[in-house]
Amino acid sequence: MPDIFITDSEEKDSPAPTPSVFPEPKTATQRERLTGHTHNPLASYSYFPDNVTFENREKEEKIILLLRRHPVTNLTWIMVGALMLLAPVILTVFPFLSFLPARFQFVAVLGWYMVSFAFVLEKFVVWYYDIFIITNERVLDIDFYNLIYKEVTDASLDKIQDVTYSVGGVGRAIFNYGDVLIQTAAELENLRFQAIPWPDKVAKILQDIRMEEKKAKD
Amino acid sequence: METIPLIGISIWLIIKIFVVIALVIYLVFAVVVVRQVQLMTETLKVGFEAPIKLFAYAHLVFAIVVLLAALLIL
């Protein structure tokens, strides 16, 4: 008698696949349609960014989110830089350097512009390279305090114990940026992502990734 | 008036020497900036590396120009 009502044991034993809570894009088209995905290399919030890589990245490691401090945090140094560039114009009204020979005044103004350029360059580069990266394996905090000192901190996703975000102050409420505090079981207890856009979305993404990681392990 | 008695050297010459020394030290700083930007672009690639390197080199060239101006004009 043929077996009619006997199903394949392999099919019977395997559980139904758990739907992913994380909408990882499989194709370039899907990636383009994701909210927060951008081609702007100066963006402060980039979801599944293109053409981004970093030192010590694993082969299979995927970058999910790239974050920087909100652009509005740069307003102060931009205004200071603009004032510095305009400062020599004041000399035509208030000749502070009139005690110097003309050739010294010329070199002094050149030197002032050189220092102003260095100031703007340093502030921009520090903002540009002060980055937070969330991958499918870990979170990284690359701090570039000045032009000669950098600090890279990373924590595996399975070490994350708690994620807290905060948005405080008028400016932060208007422009919707804040801090995300990640408490870990690693040697460095806390990672703080400061002044990042949409901290609520970042916290949600971290939660989704951690759930995904937990399901993959179970 | 502009010459220091006993030594017989112009005060502006002394100031020029100090300015040139300061600009040489600044030039070293500009070279360090270029090197640091190179290291950072190797650490992290996001897609804006070329302009940043250009700004760093432009700053270095600017420092060289100011040093030359100080040597030749002062």
# chains A, B, ... in the order shown; residues from 1 in each chain; ligands from 1
>>> select_by_dssp(residues="range 18-188 of chain A", states="strand (DSSP E or B)", output="ChimeraX atom specification")
/A:45-47,53-54,63-68,131-135,138-146,149-156,160-166,177-184
>>> interface_residues(of="chain B", to="chain A", cutoff="7 Å", atoms="only C-alpha atoms", output="short mmCIF file (atom, residue, chain, number, x, y, z; two decimals) with all heavy atoms, in the first residue's frame")
data_model
loop_
_atom_site.label_atom_id
_atom_site.label_comp_id
_atom_site.auth_asym_id
_atom_site.auth_seq_id
_atom_site.Cartn_x
_atom_site.Cartn_y
_atom_site.Cartn_z
N VAL B 33 48.79 68.21 9.00
CA VAL B 33 47.37 68.21 8.62
C VAL B 33 47.16 67.35 7.38
O VAL B 33 46.24 66.53 7.34
CB VAL B 33 46.88 69.66 8.37
CG1 VAL B 33 45.55 69.66 7.65
CG2 VAL B 33 46.78 70.42 9.68
N GLN B 36 47.49 63.72 8.37
CA GLN B 36 46.34 63.24 9.15
C GLN B 36 45.12 63.04 8.26
O GLN B 36 44.38 62.08 8.44
CB GLN B 36 46.00 64.24 10.25
CG GLN B 36 46.88 64.13 11.47
CD GLN B 36 46.87 62.74 12.07
OE1 GLN B 36 47.89 62.03 12.06
NE2 GLN B 36 45.74 62.30 12.57
N THR B 43 41.16 55.47 6.78
CA THR B 43 40.35 54.84 7.84
C THR B 43 38.90 54.76 7.43
O THR B 43 38.23 53.76 7.67
CB THR B 43 40.46 55.66 9.14
OG1 THR B 43 41.83 55.76 9.52
CG2 THR B 43 39.68 55.01 10.27
N LEU B 44 38.40 55.80 6.81
CA LEU B 44 36.97 55.88 6.52
C LEU B 44 36.77 56.43 5.12
O LEU B 44 37.28 57.50 4.80
CB LEU B 44 36.31 56.79 7.55
CG LEU B 44 34.82 57.02 7.40
CD1 LEU B 44 34.06 55.75 7.70
CD2 LEU B 44 34.37 58.11 8.36
N LYS B 45 36.04 55.70 4.31
CA LYS B 45 35.75 56.17 2.95
C LYS B 45 34.24 56.36 2.83
O LYS B 45 33.48 55.40 2.98
CB LYS B 45 36.22 55.14 1.92
CG LYS B 45 37.74 55.08 1.78
CD LYS B 45 38.15 54.11 0.68
CE LYS B 45 39.64 54.14 0.43
NZ LYS B 45 40.49 53.86 1.57
N VAL B 46 33.85 57.58 2.57
CA VAL B 46 32.43 57.89 2.46
C VAL B 46 32.08 58.48 1.11
O VAL B 46 30.93 58.43 0.68
CB VAL B 46 32.01 58.88 3.58
CG1 VAL B 46 30.52 59.13 3.57
CG2 VAL B 46 32.40 58.34 4.94
N GLY B 47 33.05 59.04 0.40
CA GLY B 47 32.77 59.56 -0.93
C GLY B 47 33.12 61.02 -1.10
O GLY B 47 32.83 61.60 -2.13
N PHE B 48 33.70 61.64 -0.07
CA PHE B 48 34.05 63.05 -0.19
C PHE B 48 35.55 63.24 0.05
O PHE B 48 36.01 64.31 0.41
CB PHE B 48 33.23 63.85 0.83
CG PHE B 48 33.10 65.32 0.51
CD1 PHE B 48 32.36 65.75 -0.57
CD2 PHE B 48 33.71 66.27 1.31
CE1 PHE B 48 32.24 67.10 -0.86
CE2 PHE B 48 33.60 67.63 1.03
CZ PHE B 48 32.86 68.03 -0.05
N HIS B 59 45.74 74.19 1.71
CA HIS B 59 46.21 74.83 2.94
C HIS B 59 47.73 74.77 3.02
O HIS B 59 48.39 75.74 3.40
CB HIS B 59 45.56 74.13 4.15
CG HIS B 59 46.10 74.59 5.46
ND1 HIS B 59 46.85 73.77 6.26
CD2 HIS B 59 46.02 75.76 6.11
CE1 HIS B 59 47.20 74.43 7.35
NE2 HIS B 59 46.70 75.63 7.29
N PHE B 62 49.15 77.25 0.62
CA PHE B 62 48.95 78.58 1.19
C PHE B 62 50.03 78.89 2.22
O PHE B 62 50.61 79.98 2.24
CB PHE B 62 47.56 78.64 1.84
CG PHE B 62 46.99 80.02 2.04
CD1 PHE B 62 45.65 80.21 2.30
CD2 PHE B 62 47.80 81.15 2.01
CE1 PHE B 62 45.12 81.48 2.50
CE2 PHE B 62 47.28 82.43 2.21
CZ PHE B 62 45.94 82.58 2.46
N ALA B 63 50.33 77.91 3.07
CA ALA B 63 51.38 78.10 4.09
C ALA B 63 52.74 78.34 3.44
O ALA B 63 53.52 79.19 3.89
CB ALA B 63 51.44 76.88 5.01
N VAL B 66 52.77 81.91 2.00
CA VAL B 66 52.93 82.94 3.05
C VAL B 66 54.37 82.96 3.54
O VAL B 66 54.95 84.03 3.77
CB VAL B 66 51.94 82.69 4.21
CG1 VAL B 66 52.19 83.67 5.35
CG2 VAL B 66 50.51 82.84 3.73
N ALA B 69 56.39 84.66 0.94
CA ALA B 69 56.10 86.09 0.97
C ALA B 69 56.86 86.76 2.12
O ALA B 69 57.43 87.85 1.96
CB ALA B 69 54.59 86.32 1.13
N ALA B 70 56.87 86.09 3.27
CA ALA B 70 57.59 86.65 4.42
C ALA B 70 59.09 86.73 4.13
O ALA B 70 59.75 87.72 4.46
CB ALA B 70 57.34 85.80 5.65
N ILE B 73 59.39 89.49 0.96
CA ILE B 73 58.83 90.85 1.06
C ILE B 73 59.31 91.56 2.32
O ILE B 73 59.59 92.75 2.31
CB ILE B 73 57.29 90.81 1.04
CG1 ILE B 73 56.79 90.25 -0.29
CG2 ILE B 73 56.72 92.20 1.29
CD1 ILE B 73 55.29 90.07 -0.35
N LEU B 74 59.38 90.81 3.41
CA LEU B 74 59.68 91.48 4.69
C LEU B 74 61.13 91.96 4.75
O LEU B 74 62.00 91.39 4.14
CB LEU B 74 59.40 90.53 5.86
CG LEU B 74 57.94 90.17 6.08
CD1 LEU B 74 57.80 89.28 7.31
CD2 LEU B 74 57.10 91.42 6.25
#
>>> atom_distance(atom1="CA of Ala22 in chain B", atom2="CA of Leu71 in chain B")
11.9 Å
>>> residues_around(residues="range 67-77 of chain A", least_positions_apart="5", cutoff="10 Å", atoms="only C-alpha atoms", output="JSON, numbers by chain")
{"A": [42, 43, 44, 45, 46, 47, 82, 83, 119, 120, 123, 124, 127, 128, 129, 130, 131, 132, 133, 134, 141, 142, 171, 172, 175, 176, 177, 178, 179, 193, 194, 195, 196, 197, 198, 202]}
>>> atom_distance(atom1="CA of Thr153 in chain A", atom2="CA of Gln183 in chain A")
13.0 Å
>>> select_by_dssp(residues="chain B", states="alpha helix (DSSP H)", output="ChimeraX atom specification")
/B:11-43,49-73
>>> write_last_selection(atoms="C-alpha atoms", output="mmCIF file, in the first residue's frame")
data_model
loop_
_atom_site.group_PDB
_atom_site.id
_atom_site.type_symbol
_atom_site.label_atom_id
_atom_site.label_comp_id
_atom_site.auth_asym_id
_atom_site.auth_seq_id
_atom_site.Cartn_x
_atom_site.Cartn_y
_atom_site.Cartn_z
ATOM 1 C CA ILE B 11 64.428 95.802 14.717
ATOM 2 C CA TRP B 12 62.365 94.877 11.679
ATOM 3 C CA LEU B 13 64.978 92.315 10.722
ATOM 4 C CA ILE B 14 64.622 90.687 14.129
ATOM 5 C CA ILE B 15 60.851 90.711 13.794
ATOM 6 C CA LYS B 16 61.209 89.216 10.316
ATOM 7 C CA ILE B 17 63.337 86.377 11.723
ATOM 8 C CA PHE B 18 60.711 85.592 14.350
ATOM 9 C CA VAL B 19 57.922 85.729 11.771
ATOM 10 C CA VAL B 20 59.809 83.357 9.463
ATOM 11 C CA ILE B 21 60.494 80.933 12.329
ATOM 12 C CA ALA B 22 56.799 80.995 13.251
ATOM 13 C CA LEU B 23 55.803 80.365 9.650
ATOM 14 C CA VAL B 24 58.241 77.451 9.348
ATOM 15 C CA ILE B 25 56.665 75.895 12.443
ATOM 16 C CA TYR B 26 53.239 76.525 10.915
ATOM 17 C CA LEU B 27 54.418 74.835 7.722
ATOM 18 C CA VAL B 28 55.255 71.734 9.735
ATOM 19 C CA PHE B 29 51.723 71.862 11.154
ATOM 20 C CA ALA B 30 50.318 72.121 7.621
ATOM 21 C CA VAL B 31 52.284 69.004 6.610
ATOM 22 C CA VAL B 32 50.897 67.178 9.665
ATOM 23 C CA VAL B 33 47.366 68.213 8.624
ATOM 24 C CA VAL B 34 47.913 66.719 5.155
ATOM 25 C CA ARG B 35 49.228 63.507 6.687
ATOM 26 C CA GLN B 36 46.340 63.244 9.146
ATOM 27 C CA VAL B 37 43.775 63.794 6.400
ATOM 28 C CA GLN B 38 45.469 61.024 4.385
ATOM 29 C CA LEU B 39 45.263 58.684 7.381
ATOM 30 C CA MET B 40 41.629 59.538 7.977
ATOM 31 C CA THR B 41 40.659 58.965 4.367
ATOM 32 C CA GLU B 42 42.280 55.546 4.630
ATOM 33 C CA THR B 43 40.352 54.844 7.842
ATOM 34 C CA GLU B 49 37.728 62.225 0.222
ATOM 35 C CA ALA B 50 38.996 64.005 -2.896
ATOM 36 C CA PRO B 51 37.733 67.500 -1.943
ATOM 37 C CA ILE B 52 38.998 67.137 1.608
ATOM 38 C CA LYS B 53 42.459 66.119 0.389
ATOM 39 C CA LEU B 54 42.338 69.060 -2.014
ATOM 40 C CA PHE B 55 41.563 71.485 0.829
ATOM 41 C CA ALA B 56 44.384 70.037 2.920
ATOM 42 C CA TYR B 57 46.890 70.425 0.075
ATOM 43 C CA ALA B 58 45.565 73.918 -0.677
ATOM 44 C CA HIS B 59 46.207 74.825 2.941
ATOM 45 C CA LEU B 60 49.763 73.487 2.645
ATOM 46 C CA VAL B 61 50.362 75.497 -0.528
ATOM 47 C CA PHE B 62 48.945 78.584 1.188
ATOM 48 C CA ALA B 63 51.378 78.100 4.089
ATOM 49 C CA ILE B 64 54.287 77.811 1.636
ATOM 50 C CA VAL B 65 53.170 80.955 -0.190
ATOM 51 C CA VAL B 66 52.931 82.942 3.051
ATOM 52 C CA LEU B 67 56.389 81.725 4.106
ATOM 53 C CA LEU B 68 57.856 82.739 0.754
ATOM 54 C CA ALA B 69 56.095 86.094 0.972
ATOM 55 C CA ALA B 70 57.594 86.646 4.419
ATOM 56 C CA LEU B 71 61.084 85.708 3.177
ATOM 57 C CA LEU B 72 60.941 87.860 0.054
ATOM 58 C CA ILE B 73 58.833 90.850 1.059
#
>>> atom_distance(atom1="CA of Thr35 in chain A", atom2="CA of Pro199 in chain A")
14.8 Å
>>> residues_around(residues="Glu61 in chain A", least_positions_apart="6", cutoff="8 Å", atoms="only C-alpha atoms", output="CSV table (one decimal) with C-alpha atoms, in the first residue's frame")
chain,number,residue,atom,x,y,z
A,135,THR,CA,26.5,47.6,11.1
A,136,ASN,CA,24.8,44.2,11.3
A,137,GLU,CA,27.5,43.1,13.8
>>> closest_residue(among="A:Ile160, A:Leu181, A:Ala28, A:Leu85", to="Lys214 in chain A", atoms="only C-alpha atoms")
A:Ile160
>>> decode(residues="range 36-71 of chain B", atoms="N, CA and C atoms", output="PDB file, in the first residue's frame")
ATOM      1  N   GLN B  36      47.486  63.716   8.369  1.00  0.00           N
ATOM      2  CA  GLN B  36      46.340  63.244   9.146  1.00  0.00           C
ATOM      3  C   GLN B  36      45.119  63.042   8.258  1.00  0.00           C
ATOM      4  N   VAL B  37      44.914  63.948   7.312  1.00  0.00           N
ATOM      5  CA  VAL B  37      43.775  63.794   6.400  1.00  0.00           C
ATOM      6  C   VAL B  37      43.962  62.529   5.561  1.00  0.00           C
ATOM      7  N   GLN B  38      45.193  62.267   5.144  1.00  0.00           N
ATOM      8  CA  GLN B  38      45.469  61.024   4.385  1.00  0.00           C
ATOM      9  C   GLN B  38      45.115  59.809   5.224  1.00  0.00           C
ATOM     10  N   LEU B  39      45.546  59.822   6.495  1.00  0.00           N
ATOM     11  CA  LEU B  39      45.263  58.684   7.381  1.00  0.00           C
ATOM     12  C   LEU B  39      43.768  58.517   7.589  1.00  0.00           C
ATOM     13  N   MET B  40      43.064  59.630   7.755  1.00  0.00           N
ATOM     14  CA  MET B  40      41.629  59.538   7.977  1.00  0.00           C
ATOM     15  C   MET B  40      40.897  59.048   6.747  1.00  0.00           C
ATOM     16  N   THR B  41      41.322  59.454   5.575  1.00  0.00           N
ATOM     17  CA  THR B  41      40.659  58.965   4.367  1.00  0.00           C
ATOM     18  C   THR B  41      40.931  57.477   4.162  1.00  0.00           C
ATOM     19  N   GLU B  42      42.039  56.994   4.688  1.00  0.00           N
ATOM     20  CA  GLU B  42      42.280  55.546   4.630  1.00  0.00           C
ATOM     21  C   GLU B  42      41.435  54.817   5.661  1.00  0.00           C
ATOM     22  N   THR B  43      41.156  55.469   6.781  1.00  0.00           N
ATOM     23  CA  THR B  43      40.352  54.844   7.842  1.00  0.00           C
ATOM     24  C   THR B  43      38.897  54.763   7.429  1.00  0.00           C
ATOM     25  N   LEU B  44      38.405  55.798   6.814  1.00  0.00           N
ATOM     26  CA  LEU B  44      36.974  55.880   6.521  1.00  0.00           C
ATOM     27  C   LEU B  44      36.772  56.433   5.125  1.00  0.00           C
ATOM     28  N   LYS B  45      36.043  55.704   4.312  1.00  0.00           N
ATOM     29  CA  LYS B  45      35.746  56.168   2.948  1.00  0.00           C
ATOM     30  C   LYS B  45      34.244  56.358   2.828  1.00  0.00           C
ATOM     31  N   VAL B  46      33.845  57.584   2.568  1.00  0.00           N
ATOM     32  CA  VAL B  46      32.426  57.894   2.464  1.00  0.00           C
ATOM     33  C   VAL B  46      32.080  58.479   1.106  1.00  0.00           C
ATOM     34  N   GLY B  47      33.050  59.041   0.403  1.00  0.00           N
ATOM     35  CA  GLY B  47      32.774  59.564  -0.931  1.00  0.00           C
ATOM     36  C   GLY B  47      33.115  61.022  -1.101  1.00  0.00           C
ATOM     37  N   PHE B  48      33.705  61.640  -0.073  1.00  0.00           N
ATOM     38  CA  PHE B  48      34.054  63.048  -0.195  1.00  0.00           C
ATOM     39  C   PHE B  48      35.548  63.239   0.054  1.00  0.00           C
ATOM     40  N   GLU B  49      36.310  62.191  -0.153  1.00  0.00           N
ATOM     41  CA  GLU B  49      37.728  62.225   0.222  1.00  0.00           C
ATOM     42  C   GLU B  49      38.525  63.177  -0.671  1.00  0.00           C
ATOM     43  N   ALA B  50      38.209  63.183  -1.964  1.00  0.00           N
ATOM     44  CA  ALA B  50      38.996  64.005  -2.896  1.00  0.00           C
ATOM     45  C   ALA B  50      38.947  65.496  -2.546  1.00  0.00           C
ATOM     46  N   PRO B  51      37.762  66.088  -2.323  1.00  0.00           N
ATOM     47  CA  PRO B  51      37.733  67.500  -1.943  1.00  0.00           C
ATOM     48  C   PRO B  51      38.461  67.796  -0.636  1.00  0.00           C
ATOM     49  N   ILE B  52      38.335  66.894   0.322  1.00  0.00           N
ATOM     50  CA  ILE B  52      38.998  67.137   1.608  1.00  0.00           C
ATOM     51  C   ILE B  52      40.516  67.117   1.434  1.00  0.00           C
ATOM     52  N   LYS B  53      41.009  66.162   0.660  1.00  0.00           N
ATOM     53  CA  LYS B  53      42.459  66.119   0.389  1.00  0.00           C
ATOM     54  C   LYS B  53      42.887  67.392  -0.344  1.00  0.00           C
ATOM     55  N   LEU B  54      42.026  67.838  -1.258  1.00  0.00           N
ATOM     56  CA  LEU B  54      42.338  69.060  -2.014  1.00  0.00           C
ATOM     57  C   LEU B  54      42.454  70.256  -1.075  1.00  0.00           C
ATOM     58  N   PHE B  55      41.522  70.374  -0.128  1.00  0.00           N
ATOM     59  CA  PHE B  55      41.563  71.485   0.829  1.00  0.00           C
ATOM     60  C   PHE B  55      42.826  71.405   1.679  1.00  0.00           C
ATOM     61  N   ALA B  56      43.184  70.197   2.086  1.00  0.00           N
ATOM     62  CA  ALA B  56      44.384  70.037   2.920  1.00  0.00           C
ATOM     63  C   ALA B  56      45.633  70.462   2.146  1.00  0.00           C
ATOM     64  N   TYR B  57      45.727  70.027   0.888  1.00  0.00           N
ATOM     65  CA  TYR B  57      46.890  70.425   0.075  1.00  0.00           C
ATOM     66  C   TYR B  57      46.869  71.920  -0.223  1.00  0.00           C
ATOM     67  N   ALA B  58      45.677  72.472  -0.431  1.00  0.00           N
ATOM     68  CA  ALA B  58      45.565  73.918  -0.677  1.00  0.00           C
ATOM     69  C   ALA B  58      46.060  74.692   0.534  1.00  0.00           C
ATOM     70  N   HIS B  59      45.735  74.191   1.711  1.00  0.00           N
ATOM     71  CA  HIS B  59      46.207  74.825   2.941  1.00  0.00           C
ATOM     72  C   HIS B  59      47.732  74.766   3.024  1.00  0.00           C
ATOM     73  N   LEU B  60      48.294  73.634   2.626  1.00  0.00           N
ATOM     74  CA  LEU B  60      49.763  73.487   2.645  1.00  0.00           C
ATOM     75  C   LEU B  60      50.414  74.474   1.665  1.00  0.00           C
ATOM     76  N   VAL B  61      49.831  74.570   0.475  1.00  0.00           N
ATOM     77  CA  VAL B  61      50.362  75.497  -0.528  1.00  0.00           C
ATOM     78  C   VAL B  61      50.267  76.936  -0.013  1.00  0.00           C
ATOM     79  N   PHE B  62      49.147  77.249   0.619  1.00  0.00           N
ATOM     80  CA  PHE B  62      48.945  78.584   1.188  1.00  0.00           C
ATOM     81  C   PHE B  62      50.034  78.895   2.217  1.00  0.00           C
ATOM     82  N   ALA B  63      50.335  77.907   3.069  1.00  0.00           N
ATOM     83  CA  ALA B  63      51.378  78.100   4.089  1.00  0.00           C
ATOM     84  C   ALA B  63      52.736  78.343   3.436  1.00  0.00           C
ATOM     85  N   ILE B  64      53.011  77.621   2.348  1.00  0.00           N
ATOM     86  CA  ILE B  64      54.287  77.811   1.636  1.00  0.00           C
ATOM     87  C   ILE B  64      54.345  79.209   1.022  1.00  0.00           C
ATOM     88  N   VAL B  65      53.229  79.629   0.445  1.00  0.00           N
ATOM     89  CA  VAL B  65      53.170  80.955  -0.190  1.00  0.00           C
ATOM     90  C   VAL B  65      53.396  82.057   0.844  1.00  0.00           C
ATOM     91  N   VAL B  66      52.768  81.914   2.003  1.00  0.00           N
ATOM     92  CA  VAL B  66      52.931  82.942   3.051  1.00  0.00           C
ATOM     93  C   VAL B  66      54.372  82.958   3.544  1.00  0.00           C
ATOM     94  N   LEU B  67      54.983  81.784   3.671  1.00  0.00           N
ATOM     95  CA  LEU B  67      56.389  81.725   4.106  1.00  0.00           C
ATOM     96  C   LEU B  67      57.293  82.406   3.078  1.00  0.00           C
ATOM     97  N   LEU B  68      57.054  82.114   1.819  1.00  0.00           N
ATOM     98  CA  LEU B  68      57.856  82.739   0.754  1.00  0.00           C
ATOM     99  C   LEU B  68      57.641  84.259   0.733  1.00  0.00           C
ATOM    100  N   ALA B  69      56.389  84.655   0.944  1.00  0.00           N
ATOM    101  CA  ALA B  69      56.095  86.094   0.972  1.00  0.00           C
ATOM    102  C   ALA B  69      56.859  86.761   2.115  1.00  0.00           C
ATOM    103  N   ALA B  70      56.874  86.088   3.268  1.00  0.00           N
ATOM    104  CA  ALA B  70      57.594  86.646   4.419  1.00  0.00           C
ATOM    105  C   ALA B  70      59.091  86.727   4.127  1.00  0.00           C
ATOM    106  N   LEU B  71      59.634  85.710   3.476  1.00  0.00           N
ATOM    107  CA  LEU B  71      61.084  85.708   3.177  1.00  0.00           C
ATOM    108  C   LEU B  71      61.452  86.786   2.157  1.00  0.00           C
TER     109      LEU B  71
END
